[in-house]
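Please read the structure below before turning to the comments.
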Amino acid sequence: MRFGAAVLRAYDDPFTVEEVVLAEGPATGEVLVRIAGCGMCRTDLAVRRSAGRSPLPAVLGHEGSGVVVETGGTGTGLSPGDHVVLSFDSCGHCRNCLGAAPAYCDSFASLNLYGGREEDAARFTDATGTPLAPRWFGQSSFAEYALVPARNAVRVDPSLPLELLGPLGCGFLTGAGAVFNSFGLGPGDTLAVFGAGAVGLAAVMAAHAAGAVTVAVDRHPGRLALAERFHALPVPATPTGPSDRVLRLTGGGAAYALDTTGSARLINEALRSLRPTGRLGLVARLHDTLPLDVGTLDRGRSIAHICEGDAVPGVLIPRLTELWQSERFPFDQLIRTYPLADINQAEHDCETGRVVKPVLVPDGRRH
């Protein structure tokens, strides 16, 4: 099968949209999906800074949504014509997968980040026969089609705007999952969100839906304006430190804080913004030692990394679409779509902060 895809051939090169070849159709437990849209996530762009750990050439993209066109047997639970959102890969049989914690799958890094399933390697090539890296996050959905494990694919209501749903599989799932799953926020709780990008703003929306009071911290006035639109109290990330303002706005400190920036300075500010016994969650991957200021972990405060919002995608994604339908999770307001051919412009706009969540549409439509 031949189709168009965006290929990254070298860490410093632009993406090239070219023909790729899939040697086989879906095996047992897999589905072939015609991609309607795919979000661009910071994790995709971080491949450029992965110091060679992510194999190239590769087709990236891991926030895909589309229509099932073929299934590998009857055990997938899906049928041709089903609308699906694609999420991260997991083995399905380790202790954490069996314990409803697939984001902490024993094989998460190897399946999603550093090469995928070894048996997939020979199935995906460019037009000249050069092998491409095994599917990224079980998807490689910067493409017209994706071959995915059925456990990655979550069926959704066909009346929903399919091309916009892909970010529910990772970025929006992570922010909302931190609120609903990791923290379990409810009415009257307080949350401070550091970094009002796609993940942070999803957390802001989810916190409002849960009835919590939210403060959003960011250095970009436009992002703070968005956070305020979604009912957060805006606080500029000034060099003098935003924690004092967070403490005042939350009446002595937030019960929970979420850092999406990976900045050591802001992580320390987030800890200072917590009340006693407060909890800080980190979603960005840290690439260096994290220095903590004296006293930031005093009085029962804690810090932990959160992966994929502690989510079971098949449970959380339908919840998020229901919240969107009831106008309580307006994630579509964060999205700008681009034709797949404009992937390099989408990357530029994402990196410069001109757009919160780019979504690539293979058929060339722009919204």
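Following the order of the structure tokens, chains are lettered A, B, ..., residues in each are numbered from 1, and ligands are numbered from 1.
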
Looking only at strand (DSSP E or B) from DSSP on the backbone, list the matching residues of region 46-180 of chain A as a PyMOL selection string. chain A and resi 58-59+64-71+83-86+124-126+131+143+145-149+153-155

Find the residues near region 348-357 of chain A: any atom within 8 Å, counting only C-alpha atoms, skip ones fewer than 3 places away on the same chain, and give them as a list in words. Gly39, Met40, Cys41, Gly197, Ala198, Leu334, Ile335, Arg336, Asn344 and Gln345 of chain A

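The shell of residues at most 7 Å from Gly64 (chain A), with only C-alpha atoms counted and near chain neighbours (fewer than 2 positions) removed, consists of Ile35, Gly37, Cys38, Gly39, His62, Gly66, Val85, Leu86, Ser141 and Gly166 of chain A.
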
Using the selection just defined, write its residues with N, CA and C atoms as a tab-separated table (two decimals), in the first residue's frame.
chain	number	residue	atom	x	y	z
A	35	ILE	N	-6.43	8.47	8.12
A	35	ILE	CA	-6.28	9.59	9.05
A	35	ILE	C	-7.10	10.79	8.57
A	37	GLY	N	-7.15	13.64	10.79
A	37	GLY	CA	-6.37	14.73	11.34
A	37	GLY	C	-5.39	14.20	12.37
A	38	CYS	N	-4.29	14.92	12.56
A	38	CYS	CA	-3.30	14.52	13.56
A	38	CYS	C	-2.72	15.75	14.22
A	39	GLY	N	-2.84	15.82	15.53
A	39	GLY	CA	-2.26	16.92	16.27
A	39	GLY	C	-0.74	16.86	16.27
A	62	HIS	N	1.49	11.36	16.77
A	62	HIS	CA	0.89	10.41	17.71
A	62	HIS	C	-0.40	10.95	18.33
A	66	GLY	N	-9.24	9.12	12.90
A	66	GLY	CA	-9.61	8.74	11.55
A	66	GLY	C	-10.67	7.66	11.53
A	85	VAL	N	-10.19	7.61	17.78
A	85	VAL	CA	-9.07	8.44	18.22
A	85	VAL	C	-7.94	7.50	18.61
A	86	LEU	N	-6.73	7.82	18.18
A	86	LEU	CA	-5.57	6.97	18.44
A	86	LEU	C	-4.77	7.52	19.60
A	141	SER	N	1.28	8.87	12.60
A	141	SER	CA	0.06	9.37	11.97
A	141	SER	C	0.20	10.73	11.31
A	166	GLY	N	-7.94	14.22	17.37
A	166	GLY	CA	-6.69	13.54	17.64
A	166	GLY	C	-5.98	13.96	18.91

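Going from CA of Glu30 (chain A) to CA of Leu147 (chain A) covers 6.9 Å.
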
Hey, which bits of region 118-185 of chain A sit within 7 Å of region 3-24 of chain A, and for each residue what's the closest pair of atoms and how far apart in Å (one decimal), counting only C-alpha atoms, rows by chain and increasing number, as JSON lines?
{"residue": "A:Arg123", "atom": "CA", "partner": "A:Ala23", "partner_atom": "CA", "distance": 5.0}
{"residue": "A:Phe124", "atom": "CA", "partner": "A:Leu22", "partner_atom": "CA", "distance": 4.9}
{"residue": "A:Thr125", "atom": "CA", "partner": "A:Val21", "partner_atom": "CA", "distance": 5.2}
{"residue": "A:Asp126", "atom": "CA", "partner": "A:Val20", "partner_atom": "CA", "distance": 4.3}
{"residue": "A:Ala127", "atom": "CA", "partner": "A:Val20", "partner_atom": "CA", "distance": 5.3}
{"residue": "A:Phe142", "atom": "CA", "partner": "A:Ala6", "partner_atom": "CA", "distance": 5.6}
{"residue": "A:Ala143", "atom": "CA", "partner": "A:Ala5", "partner_atom": "CA", "distance": 3.9}
{"residue": "A:Glu144", "atom": "CA", "partner": "A:Gly4", "partner_atom": "CA", "distance": 5.7}

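Excluding Ala210 (chain A) itself and any same-chain residue fewer than 3 positions from it, the protein and nucleic acid residues within 7 Å of it, counting only C-alpha atoms, are Leu185, Gly186, Pro187, Ala206 and Ala207 of chain A.
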
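The space between CA of Thr289 (chain A) and CA of Phe194 (chain A) spans 19.3 Å.
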
Using only C-alpha atoms for the distances, tell me which of A:Arg34, A:Arg299, A:Arg155, A:Arg42 is nearest to Arg285 (chain A). A:Arg42

When you look at Arg301 (chain A) with a cut-off of 7 Å (counting only C-alpha atoms), what residues show up, excluding the ones that are within fewer than 3 positions of it in the same chain? I need them as a tab-separated table (two decimals) with C-alpha atoms, in the first residue's frame.
chain	number	residue	atom	x	y	z
A	276	PRO	CA	0.91	22.34	53.33
A	277	THR	CA	0.41	18.76	52.04
A	278	GLY	CA	-0.05	20.15	48.53
A	279	ARG	CA	0.88	18.02	45.50
A	297	LEU	CA	9.25	20.29	50.06
A	298	ASP	CA	8.59	21.18	53.70

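Taking CA of Pro158 (chain A) as the reference point, CA of Ser87 (chain A) is found at 17.6 Å.
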
For region 321-324 of chain A, list every protein, DNA or RNA residue within 10 Å, evaluated using only C-alpha atoms, and leave out those in the same chain fewer than 3 positions away; present the list as a ChimeraX atom specification. /A:156-157,160,165,168,205-206,209,316-318,327-332

Just C-alpha atoms for this one: save the residues we selected as an mmCIF file, in the first residue's frame.
data_model
loop_
_atom_site.group_PDB
_atom_site.id
_atom_site.type_symbol
_atom_site.label_atom_id
_atom_site.label_comp_id
_atom_site.auth_asym_id
_atom_site.auth_seq_id
_atom_site.Cartn_x
_atom_site.Cartn_y
_atom_site.Cartn_z
ATOM 1 C CA VAL A 156 -15.964 7.755 19.177
ATOM 2 C CA ASP A 157 -19.344 9.140 18.171
ATOM 3 C CA LEU A 160 -18.175 14.513 16.272
ATOM 4 C CA LEU A 165 -10.267 14.853 17.892
ATOM 5 C CA LEU A 168 -7.591 13.956 22.841
ATOM 6 C CA MET A 205 -10.742 23.428 31.221
ATOM 7 C CA ALA A 206 -10.974 20.150 33.104
ATOM 8 C CA ALA A 209 -15.544 21.332 34.647
ATOM 9 C CA LEU A 316 -11.078 9.167 29.468
ATOM 10 C CA ILE A 317 -11.463 10.002 25.763
ATOM 11 C CA PRO A 318 -15.239 9.318 25.748
ATOM 12 C CA GLU A 327 -19.774 22.789 26.172
ATOM 13 C CA ARG A 328 -17.670 22.130 29.277
ATOM 14 C CA PHE A 329 -14.391 21.197 27.553
ATOM 15 C CA PRO A 330 -14.047 23.482 24.495
ATOM 16 C CA PHE A 331 -10.741 22.055 23.259
ATOM 17 C CA ASP A 332 -11.582 22.965 19.657
#

Quick one: residues within 8 Å of Val33 (chain A), only C-alpha atoms, excluding same-chain residues fewer than 4 positions away - as a count of residues only? 9

Nearest-residue call for Gly99 (chain A), choices A:Val312, A:Tyr338, A:Gly138, A:His208, using only C-alpha atoms: A:Val312

With only C-alpha atoms as the atoms that count, which of A:Val246, A:Leu60, A:Ala196, A:Ala225 lies nearest to Val213 (chain A)? A:Val246
